[in-house]
file coords_0.tsv (TSV, C-alpha atoms)
chain	number	residue	atom	x	y	z
A	799	MET	CA	-45.04	77.73	18.45
A	800	SER	CA	-46.44	74.40	19.67
A	801	SER	CA	-44.51	72.56	22.37
A	802	LYS	CA	-45.45	69.28	20.72
A	803	PRO	CA	-42.89	67.54	18.50
A	804	ASN	CA	-43.30	68.67	14.91
A	805	ILE	CA	-43.02	65.87	12.34
A	806	LEU	CA	-42.67	66.34	8.60
A	807	LEU	CA	-44.27	63.54	6.59
A	808	ILE	CA	-42.77	63.26	3.09
A	809	TYR	CA	-44.52	61.24	0.38
A	810	THR	CA	-42.38	60.00	-2.52
A	811	GLY	CA	-44.82	57.47	-3.97
A	812	GLY	CA	-45.45	53.77	-3.54
A	813	THR	CA	-48.27	51.47	-2.47
A	814	ILE	CA	-48.82	53.20	0.88
A	815	GLY	CA	-49.91	56.35	-0.95
A	816	MET	CA	-52.66	54.65	-2.90
A	817	ILE	CA	-56.34	54.31	-2.00
A	818	LYS	CA	-59.00	52.22	-3.69
A	819	ASP	CA	-61.93	53.80	-5.52
A	820	TYR	CA	-64.69	51.48	-4.32
A	821	GLU	CA	-66.92	52.29	-7.30
A	822	THR	CA	-64.35	51.37	-9.95
A	823	GLY	CA	-61.94	49.17	-7.98
A	824	ALA	CA	-59.02	51.22	-9.34
A	825	LEU	CA	-56.17	52.51	-7.21
A	826	LYS	CA	-55.60	56.25	-7.12
A	827	ALA	CA	-53.14	58.55	-5.39
A	828	PHE	CA	-54.00	59.45	-1.82
A	829	ASP	CA	-54.51	63.16	-1.08
A	830	PHE	CA	-52.06	63.81	1.75
A	831	ASP	CA	-53.52	67.25	2.38
A	832	GLN	CA	-56.50	65.34	3.79
A	833	LEU	CA	-54.34	62.99	5.83
A	834	LEU	CA	-55.91	63.60	9.24
A	835	GLN	CA	-59.42	63.28	7.83
A	836	ASN	CA	-58.64	59.92	6.27
A	837	ILE	CA	-56.56	58.56	9.18
A	838	PRO	CA	-58.16	60.14	12.27
A	839	GLU	CA	-56.01	57.92	14.55
A	840	LEU	CA	-53.09	60.25	13.82
A	841	ARG	CA	-54.89	62.91	15.89
A	842	LEU	CA	-54.31	60.75	18.96
A	843	LEU	CA	-50.54	61.13	18.66
A	844	ASP	CA	-48.90	63.80	20.79
A	845	CYS	CA	-47.30	65.62	17.87
A	846	ASP	CA	-48.04	68.03	15.06
A	847	ILE	CA	-47.84	66.63	11.53
A	848	THR	CA	-47.07	68.58	8.38
A	849	THR	CA	-47.11	66.92	4.97
A	850	SER	CA	-44.94	67.32	1.91
A	851	SER	CA	-44.87	65.41	-1.34
A	852	PHE	CA	-42.82	64.96	-4.48
A	853	LYS	CA	-44.44	67.05	-7.20
A	854	ASN	CA	-44.80	63.87	-9.25
A	855	PRO	CA	-44.80	60.84	-6.92
A	856	ILE	CA	-43.03	57.83	-8.41
A	857	ASP	CA	-43.04	54.06	-8.33
A	858	SER	CA	-39.97	53.18	-6.27
A	859	SER	CA	-38.60	51.10	-9.16
A	860	ASN	CA	-37.87	54.45	-10.83
A	861	MET	CA	-35.92	55.76	-7.83
A	862	ASN	CA	-32.58	57.34	-8.72
A	863	LEU	CA	-29.92	59.76	-7.52
A	864	SER	CA	-31.88	62.89	-8.43
A	865	TYR	CA	-34.75	61.82	-6.18
A	866	TRP	CA	-32.30	61.05	-3.36
A	867	ALA	CA	-30.95	64.58	-3.72
A	868	GLU	CA	-34.51	65.94	-3.67
A	869	LEU	CA	-35.19	64.10	-0.42
A	870	CYS	CA	-31.99	65.51	1.08
A	871	ASP	CA	-33.01	69.00	-0.04
A	872	ILE	CA	-36.37	68.69	1.72
A	873	ILE	CA	-34.75	67.46	4.94
A	874	GLU	CA	-31.95	70.05	4.83
A	875	THR	CA	-34.39	72.92	4.21
A	876	ASN	CA	-36.66	71.85	7.07
A	877	TYR	CA	-34.04	70.43	9.43
A	878	GLU	CA	-34.28	73.12	12.12
A	879	ALA	CA	-38.07	73.41	11.98
A	880	TYR	CA	-38.91	69.76	12.66
A	881	GLN	CA	-37.99	67.20	15.30
A	882	GLY	CA	-38.25	64.30	12.91
A	883	PHE	CA	-39.04	63.13	9.39
A	884	VAL	CA	-41.12	60.22	8.14
A	885	ILE	CA	-40.65	59.26	4.50
A	886	LEU	CA	-43.29	57.22	2.69
A	887	HIS	CA	-41.62	55.14	0.00
A	888	GLY	CA	-42.33	52.11	-2.18
A	889	SER	CA	-40.96	48.94	-0.62
A	890	ASP	CA	-39.07	47.60	-3.66
A	891	THR	CA	-36.13	50.02	-3.38
A	892	MET	CA	-36.72	51.31	0.14
A	893	SER	CA	-33.57	49.68	1.56
A	894	TYR	CA	-31.46	51.19	-1.24
A	895	THR	CA	-32.85	54.70	-0.71
A	896	ALA	CA	-32.77	54.51	3.09
A	897	SER	CA	-29.17	53.24	3.03
A	898	ALA	CA	-28.12	55.99	0.64
A	899	ILE	CA	-29.79	58.72	2.70
A	900	SER	CA	-27.98	57.44	5.80
A	901	PHE	CA	-24.64	58.23	4.13
A	902	MET	CA	-25.80	61.47	2.52
A	903	LEU	CA	-26.86	62.88	5.91
A	904	GLU	CA	-23.79	63.23	8.13
A	905	ASN	CA	-24.02	63.96	11.88
A	906	LEU	CA	-27.78	63.48	11.83
A	907	GLY	CA	-29.28	64.35	15.20
A	908	LYS	CA	-32.93	63.62	14.41
A	909	PRO	CA	-34.98	60.62	13.25
A	910	VAL	CA	-35.48	60.04	9.54
A	911	ILE	CA	-37.82	57.06	9.31
A	912	PHE	CA	-38.76	55.29	6.10
A	913	THR	CA	-41.95	53.28	5.91
A	914	GLY	CA	-44.41	51.97	3.37
A	915	SER	CA	-46.81	49.09	2.97
A	916	GLN	CA	-47.57	45.91	1.09
A	917	LEU	CA	-51.24	46.88	0.59
A	918	PRO	CA	-52.77	50.30	-0.24
A	919	ILE	CA	-53.91	52.51	2.61
A	920	GLY	CA	-57.59	52.05	1.70
A	921	ASP	CA	-57.46	48.25	1.50
A	922	LEU	CA	-59.51	46.32	4.06
A	923	ARG	CA	-56.48	44.36	5.33
A	924	THR	CA	-53.92	47.07	4.82
A	925	ASP	CA	-50.69	47.24	6.80
A	926	ALA	CA	-50.32	50.90	5.80
A	927	LYS	CA	-52.11	52.51	8.76
A	928	GLU	CA	-50.12	50.70	11.45
A	929	ASN	CA	-46.82	51.30	9.68
A	930	LEU	CA	-47.57	55.00	9.21
A	931	ILE	CA	-48.98	55.67	12.68
A	932	THR	CA	-46.16	53.90	14.51
A	933	ALA	CA	-43.45	55.45	12.32
A	934	VAL	CA	-44.78	58.91	13.22
A	935	GLN	CA	-45.06	57.96	16.90
A	936	ILE	CA	-41.43	56.77	16.95
A	937	ALA	CA	-40.24	59.91	15.15
A	938	ALA	CA	-41.90	61.97	17.91
A	939	LEU	CA	-40.30	60.08	20.82
A	940	CYS	CA	-38.34	62.46	23.08
A	941	ARG	CA	-36.22	62.26	26.17
A	942	ARG	CA	-35.10	65.42	27.94
A	943	SER	CA	-36.29	67.47	24.96
A	944	ARG	CA	-34.13	65.52	22.51
A	945	PRO	CA	-35.21	62.89	19.98
A	946	MET	CA	-34.66	59.33	21.19
A	947	VAL	CA	-33.87	58.16	17.66
A	948	GLN	CA	-31.10	60.09	15.89
A	949	GLU	CA	-30.45	58.10	12.73
A	950	VAL	CA	-31.99	56.92	9.47
A	951	CYS	CA	-34.32	53.99	10.13
A	952	LEU	CA	-36.87	51.79	8.42
A	953	TYR	CA	-40.13	50.81	10.13
A	954	PHE	CA	-42.18	47.90	8.87
A	955	GLU	CA	-44.56	45.42	10.51
A	956	TYR	CA	-43.95	46.14	14.19
A	957	LYS	CA	-40.18	46.60	13.94
A	958	LEU	CA	-37.85	49.58	13.63
A	959	TYR	CA	-34.55	48.74	11.94
A	960	ARG	CA	-31.37	50.69	11.25
A	961	ALA	CA	-31.94	51.60	7.60
A	962	ASN	CA	-28.52	50.60	6.28
A	963	ARG	CA	-28.86	47.16	7.88
A	964	THR	CA	-32.04	46.22	6.05
A	965	THR	CA	-32.90	44.20	3.00
A	966	LYS	CA	-36.25	43.32	1.46
A	967	VAL	CA	-36.90	39.61	1.92
A	968	SER	CA	-40.50	39.11	0.78
A	969	ALA	CA	-42.83	40.44	-1.89
A	970	GLU	CA	-45.81	38.63	-0.33
A	971	GLN	CA	-45.58	38.81	3.47
A	972	PHE	CA	-46.27	41.84	5.64
A	973	GLU	CA	-42.86	41.11	7.22
A	974	ALA	CA	-41.23	42.41	4.05
A	975	PHE	CA	-37.88	43.46	5.55
A	976	ASP	CA	-35.20	41.95	7.72
A	977	SER	CA	-32.02	43.14	9.45
A	978	PRO	CA	-29.99	39.93	9.46
A	979	ASN	CA	-26.82	41.24	11.10
A	980	TYR	CA	-28.12	43.84	13.55
A	981	PRO	CA	-30.86	43.74	16.21
A	982	ASP	CA	-34.17	45.57	16.00
A	983	LEU	CA	-34.03	49.11	17.40
A	984	ILE	CA	-37.64	49.22	18.55
A	985	THR	CA	-40.36	46.57	18.69
A	986	SER	CA	-44.00	47.63	18.60
A	987	GLY	CA	-46.37	45.61	20.77
A	988	VAL	CA	-48.81	46.78	23.41
A	989	HIS	CA	-45.96	49.16	24.25
A	990	LEU	CA	-42.95	50.35	22.26
A	991	THR	CA	-39.89	48.44	23.46
A	992	VAL	CA	-36.74	50.46	22.78
A	993	ASN	CA	-33.40	48.68	22.46
A	994	GLU	CA	-31.42	51.68	23.64
A	995	GLU	CA	-28.03	49.97	23.45
A	996	ALA	CA	-28.54	49.41	19.73
A	997	LEU	CA	-29.33	53.05	18.89
A	998	LEU	CA	-26.71	55.33	17.33
A	999	ARG	CA	-25.56	58.23	19.48
A	1000	PRO	CA	-23.84	60.58	17.01
A	1001	GLY	CA	-23.08	63.43	19.39
A	1002	ARG	CA	-23.69	67.07	18.51
A	1003	LYS	CA	-21.48	67.71	15.52
A	1004	VAL	CA	-22.58	70.01	12.70
A	1005	PHE	CA	-25.20	68.46	10.41
A	1006	LYS	CA	-23.95	68.10	6.82
A	1007	VAL	CA	-25.56	66.95	3.59
A	1008	HIS	CA	-23.61	65.20	0.82
A	1009	LYS	CA	-25.14	65.01	-2.64
A	1010	ASN	CA	-22.06	64.19	-4.73
A	1011	MET	CA	-22.72	60.49	-5.26
A	1012	VAL	CA	-21.00	58.50	-8.04
A	1013	THR	CA	-23.19	55.82	-9.60
A	1014	ASP	CA	-20.77	54.23	-12.11
A	1015	ILE	CA	-20.51	51.00	-10.14
A	1016	LEU	CA	-20.34	47.47	-11.49
A	1017	LEU	CA	-21.99	44.68	-9.49
A	1018	LEU	CA	-20.43	41.28	-10.30
A	1019	LYS	CA	-22.22	38.25	-8.88
A	1020	ILE	CA	-20.02	35.17	-8.82
A	1021	TYR	CA	-21.59	31.86	-9.88
A	1022	PRO	CA	-20.25	28.39	-10.72
A	1023	GLY	CA	-19.12	28.35	-14.35
A	1024	ILE	CA	-18.59	32.08	-14.76
A	1025	THR	CA	-16.14	32.53	-17.62
A	1026	GLU	CA	-12.98	34.55	-18.06
A	1027	ASP	CA	-14.35	36.26	-21.18
A	1028	MET	CA	-17.50	37.37	-19.34
A	1029	VAL	CA	-15.61	38.74	-16.32
A	1030	ARG	CA	-12.97	40.43	-18.48
A	1031	ALA	CA	-15.62	42.06	-20.67
A	1032	MET	CA	-17.55	43.47	-17.72
A	1033	LEU	CA	-14.50	44.78	-15.88
A	1034	SER	CA	-13.04	46.42	-18.98
A	1035	ILE	CA	-15.89	48.94	-19.30
A	1036	ASP	CA	-14.20	52.35	-19.35
A	1037	ILE	CA	-16.69	54.22	-17.17
A	1038	VAL	CA	-16.50	51.83	-14.19
A	1039	ARG	CA	-15.39	53.72	-11.06
A	1040	GLY	CA	-15.95	50.97	-8.52
A	1041	VAL	CA	-16.67	47.24	-8.38
A	1042	ILE	CA	-18.65	45.17	-5.91
A	1043	ILE	CA	-18.26	41.41	-6.14
A	1044	GLU	CA	-20.91	39.18	-4.58
A	1045	THR	CA	-19.03	36.11	-3.41
A	1046	TYR	CA	-19.87	32.80	-1.78
A	1047	GLY	CA	-20.22	32.32	1.98
A	1048	ALA	CA	-17.61	34.20	3.99
A	1049	GLY	CA	-16.18	35.96	0.90
A	1050	ASN	CA	-14.89	33.07	-1.20
A	1051	THR	CA	-14.39	32.92	-4.98
A	1052	THR	CA	-12.76	30.74	-7.57
A	1053	THR	CA	-8.97	30.52	-7.21
A	1054	GLU	CA	-8.46	30.41	-11.00
A	1055	THR	CA	-5.38	32.49	-11.88
A	1056	TRP	CA	-7.20	34.45	-14.57
A	1057	PHE	CA	-9.82	35.69	-12.09
A	1058	ILE	CA	-7.28	36.97	-9.57
A	1059	ASP	CA	-5.20	38.54	-12.35
A	1060	ILE	CA	-8.20	40.47	-13.69
A	1061	LEU	CA	-9.07	41.82	-10.25
A	1062	ARG	CA	-5.43	42.71	-9.56
A	1063	ASN	CA	-5.34	44.74	-12.77
A	1064	VAL	CA	-8.56	46.57	-11.86
A	1065	ILE	CA	-7.18	47.49	-8.41
A	1066	LYS	CA	-3.88	48.67	-9.94
A	1067	GLN	CA	-5.91	51.16	-11.98
A	1068	GLY	CA	-7.12	52.73	-8.73
A	1069	ILE	CA	-10.60	51.21	-8.99
A	1070	PRO	CA	-11.82	49.92	-5.59
A	1071	VAL	CA	-13.12	46.36	-5.46
A	1072	VAL	CA	-15.36	45.47	-2.51
A	1073	ASN	CA	-16.18	41.92	-1.44
A	1074	VAL	CA	-19.69	41.25	-0.08
A	1075	SER	CA	-21.35	37.92	0.62
A	1076	GLN	CA	-24.26	36.51	-1.34
A	1077	CYS	CA	-25.62	35.20	1.98
A	1078	ILE	CA	-28.30	37.26	3.70
A	1079	GLY	CA	-26.63	36.85	7.09
A	1080	GLY	CA	-23.04	36.56	8.21
A	1081	SER	CA	-19.84	38.33	7.31
A	1082	VAL	CA	-17.02	38.37	4.76
A	1083	GLN	CA	-13.84	37.10	6.42
A	1084	MET	CA	-11.15	37.12	3.76
A	1085	GLY	CA	-8.20	34.88	4.54
A	1086	ASN	CA	-10.14	32.31	6.55
A	1087	TYR	CA	-10.27	29.99	3.55
A	1088	GLU	CA	-7.83	29.33	0.71
A	1089	THR	CA	-10.45	30.62	-1.72
A	1090	SER	CA	-10.21	34.15	-0.32
A	1091	VAL	CA	-6.53	34.43	0.64
A	1092	GLU	CA	-5.52	35.86	-2.76
A	1093	LEU	CA	-8.32	38.44	-2.68
A	1094	LYS	CA	-6.91	39.83	0.54
A	1095	LYS	CA	-3.37	39.86	-0.85
A	1096	ILE	CA	-4.24	41.90	-3.93
A	1097	GLY	CA	-6.09	44.57	-1.92
A	1098	VAL	CA	-9.76	43.65	-2.28
A	1099	ILE	CA	-11.80	45.58	0.32
A	1100	SER	CA	-13.77	43.58	2.87
A	1101	GLY	CA	-17.45	44.46	3.05
A	1102	LYS	CA	-17.63	42.53	6.34
A	1103	ASP	CA	-21.30	42.13	7.30
A	1104	ILE	CA	-22.66	44.99	5.19
A	1105	THR	CA	-25.84	44.49	3.16
A	1106	LEU	CA	-25.63	44.73	-0.62
A	1107	GLU	CA	-27.86	47.82	-0.56
A	1108	ALA	CA	-25.61	49.59	1.93
A	1109	ALA	CA	-22.47	48.41	0.12
A	1110	ILE	CA	-23.64	50.09	-3.08
A	1111	ALA	CA	-24.73	53.28	-1.28
A	1112	LYS	CA	-21.48	53.51	0.68
A	1113	MET	CA	-19.39	53.10	-2.48
A	1114	MET	CA	-21.41	55.83	-4.24
A	1115	TYR	CA	-20.84	58.12	-1.26
A	1116	LEU	CA	-17.10	57.48	-0.86
A	1117	LEU	CA	-16.42	57.72	-4.61
A	1118	GLY	CA	-17.97	61.18	-4.41
A	1119	GLN	CA	-15.42	62.14	-1.74
A	1120	GLN	CA	-12.49	61.70	-4.20
A	1121	LEU	CA	-10.27	59.72	-1.84
A	1122	GLY	CA	-7.00	57.97	-2.61
A	1123	PRO	CA	-7.07	54.13	-2.83
A	1124	LYS	CA	-5.55	53.48	0.61
A	1125	VAL	CA	-7.78	56.01	2.36
A	1126	PHE	CA	-10.83	54.69	0.48
A	1127	LYS	CA	-10.10	51.12	1.65
A	1128	SER	CA	-9.52	52.20	5.23
A	1129	ILE	CA	-12.71	54.25	5.43
A	1130	TYR	CA	-14.81	51.65	3.60
A	1131	GLU	CA	-13.81	49.01	6.15
A	1132	THR	CA	-14.77	51.40	8.99
A	1133	SER	CA	-18.31	51.85	10.23
A	1134	LEU	CA	-19.53	55.37	9.34
A	1135	ARG	CA	-23.28	55.20	10.07
A	1136	GLY	CA	-23.53	51.92	11.96
A	1137	GLU	CA	-23.61	49.88	8.74
A	1138	LEU	CA	-20.82	47.53	9.87
A	1139	THR	CA	-20.35	45.54	13.04
call {"tool": "encode", "arguments": {"input": "coords_0.tsv", "output": "structure tokens"}}
result
Amino acid sequence: MSSKPNILLIYTGGTIGMIKDYETGALKAFDFDQLLQNIPELRLLDCDITTSSFKNPIDSSNMNLSYWAELCDIIETNYEAYQGFVILHGSDTMSYTASAISFMLENLGKPVIFTGSQLPIGDLRTDAKENLITAVQIAALCRRSRPMVQEVCLYFEYKLYRANRTTKVSAEQFEAFDSPNYPDLITSGVHLTVNEEALLRPGRKVFKVHKNMVTDILLLKIYPGITEDMVRAMLSIDIVRGVIIETYGAGNTTTETWFIDILRNVIKQGIPVVNVSQCIGGSVQMGNYETSVELKKIGVISGKDITLEAAIAKMMYLLGQQLGPKVFKSIYETSLRGELT
């Protein structure tokens, strides 16, 4: 067996997996069995690369729980055989998938790095090659025979982020992602600069995979003029198992009695309600302003500085654990995978 790090490259779909037919101008799926022939630079990396692909690669807009489970299956099956995993994924839902996978993989001791591109791999000005090459290089980083990165990450345009801290911020720029509330883990320049203090160090507990995710979640975005009838109608849907409210600023909402009464009734039914901010950066701090004091009193859960993508993924994960309301609130407000400060 080779002494080089062994990296499994998993293709799910997305722009990075497309290449242009220069005769027709059409985009077609890239043949990952011919990866090293098409991207010879990968041969310069001090690692062995094996490829895997979804049987039917998808546009990331079609990503769902079954594909998340398929990804987990691939990683679980190959966990002992590989030092790290690089997942090629469409950028539109990459932060959602990467956040979800971070919760589904407990006690992860190896890198799982998501990357993609804004332009196809065969495009003249593509960002795909750099993103792919550096993601693989980071996945192969070792120190004393152990991976330097031991968490789920997202690499894009010269920066490695903690996956569950990311959000997509641009459909046009190569700098498509940001991590507004947590520093970059690695910056790629002439050399790779590792922010070691920012990396997760999970220890050596037994690796576990969780696939029981509950998706019956209602996302309620607060806006000026939102009506009682609209809120009551949405929160009275029978199948709702959890609610996330996107509030103003540091977690503020209207103080109208009807709004608080509706939320109080939802919480009394044992349905968790989580408060996250509409702002890209910053944190929910319920009780700092009059407009959030009542939310805290009735038992609304603080999402603190969590991203919306991670808030949804974390709720799906914890609902699947079948916890009581008090335990759910306590665990939700605790950082599990580095998603909260």
call {"tool": "residues_around", "arguments": {"input": "coords_0.tsv", "residues": "Pro803 (chain A)", "least_positions_apart": "2", "cutoff": "7 Å", "atoms": "all atoms listed in the file", "output": "ChimeraX atom specification"}}
result
/A:801,805,845-846,881,938
call {"tool": "closest_residue", "arguments": {"input": "coords_0.tsv", "among": "A:Tyr894, A:Phe1057, A:Tyr1046, A:Tyr1115", "to": "Leu1033 (chain A)", "atoms": "all atoms listed in the file"}}
result
A:Phe1057
call {"tool": "residues_around", "arguments": {"input": "coords_0.tsv", "residues": "Glu878 (chain A)", "least_positions_apart": "5", "cutoff": "12 Å", "atoms": "all atoms listed in the file", "output": "tab-separated table (two decimals) with C-alpha atoms, in the coordinates of the input"}}
result
chain	number	residue	atom	x	y	z
A	804	ASN	CA	-43.30	68.67	14.91
A	805	ILE	CA	-43.02	65.87	12.34
A	806	LEU	CA	-42.67	66.34	8.60
A	872	ILE	CA	-36.37	68.69	1.72
A	873	ILE	CA	-34.75	67.46	4.94
A	883	PHE	CA	-39.04	63.13	9.39
A	906	LEU	CA	-27.78	63.48	11.83
A	907	GLY	CA	-29.28	64.35	15.20
A	908	LYS	CA	-32.93	63.62	14.41
A	1005	PHE	CA	-25.20	68.46	10.41
call {"tool": "axis_aligned_box", "arguments": {"input": "coords_0.tsv", "around": "region 1112-1129 of chain A", "padding_each_side": "4 Å", "output": "JSON"}}
result
{"center_x": -13.5, "center_y": 56.6, "center_z": 0.4, "size_x": 23.9, "size_y": 19.0, "size_z": 18.0}
call {"tool": "residues_near_point", "arguments": {"input": "coords_0.tsv", "point": "(-9.4, 46.6, 4.2)", "cutoff": "6 Å", "atoms": "all atoms listed in the file", "output": "PyMOL selection string"}}
result
chain A and resi 1099-1100+1127-1128+1131
call {"tool": "closest_residue", "arguments": {"input": "coords_0.tsv", "among": "A:Glu970, A:Asp982, A:Glu949, A:Glu821", "to": "Phe912 (chain A)", "atoms": "all atoms listed in the file"}}
result
A:Glu949
call {"tool": "closest_residue", "arguments": {"input": "coords_0.tsv", "among": "A:Asn860, A:Ser889, A:Ser1034, A:Asn962", "to": "Gln1067 (chain A)", "atoms": "only C-alpha atoms"}}
result
A:Ser1034
call {"tool": "residues_around", "arguments": {"input": "coords_0.tsv", "residues": "Thr810 (chain A)", "least_positions_apart": "5", "cutoff": "8 Å", "atoms": "all atoms listed in the file", "output": "MDAnalysis selection string"}}
result
chainID A and resid 851:852 855:856 885:888
call {"tool": "write_last_selection", "arguments": {"input": "coords_0.tsv", "atoms": "C-alpha atoms", "output": "compact mmCIF listing (two decimals), keeping the file's coordinate frame"}}
result
# COMPACT_ATOMS: atom_id res chain seq x y z
CA SER A 851 -44.87 65.41 -1.34
CA PHE A 852 -42.82 64.96 -4.48
CA PRO A 855 -44.80 60.84 -6.92
CA ILE A 856 -43.03 57.83 -8.41
CA ILE A 885 -40.65 59.26 4.50
CA LEU A 886 -43.29 57.22 2.69
CA HIS A 887 -41.62 55.14 0.00
CA GLY A 888 -42.33 52.11 -2.18
call {"tool": "residues_around", "arguments": {"input": "coords_0.tsv", "residues": "Asn854 (chain A)", "least_positions_apart": "4", "cutoff": "12 Å", "atoms": "all atoms listed in the file", "output": "tab-separated table (two decimals) with C-alpha atoms, in the frame of the given file"}}
result
chain	number	residue	atom	x	y	z
A	809	TYR	CA	-44.52	61.24	0.38
A	810	THR	CA	-42.38	60.00	-2.52
A	811	GLY	CA	-44.82	57.47	-3.97
A	812	GLY	CA	-45.45	53.77	-3.54
A	827	ALA	CA	-53.14	58.55	-5.39
A	850	SER	CA	-44.94	67.32	1.91
A	860	ASN	CA	-37.87	54.45	-10.83
A	865	TYR	CA	-34.75	61.82	-6.18
A	868	GLU	CA	-34.51	65.94	-3.67
call {"tool": "closest_residue", "arguments": {"input": "coords_0.tsv", "among": "A:Met1113, A:Ile1043, A:Ile931, A:Ile911", "to": "Leu842 (chain A)", "atoms": "all atoms listed in the file"}}
result
A:Ile931
call {"tool": "closest_residue", "arguments": {"input": "coords_0.tsv", "among": "A:Gln935, A:Gln948, A:Thr848, A:Asn929", "to": "Val910 (chain A)", "atoms": "all atoms listed in the file"}}
result
A:Gln948
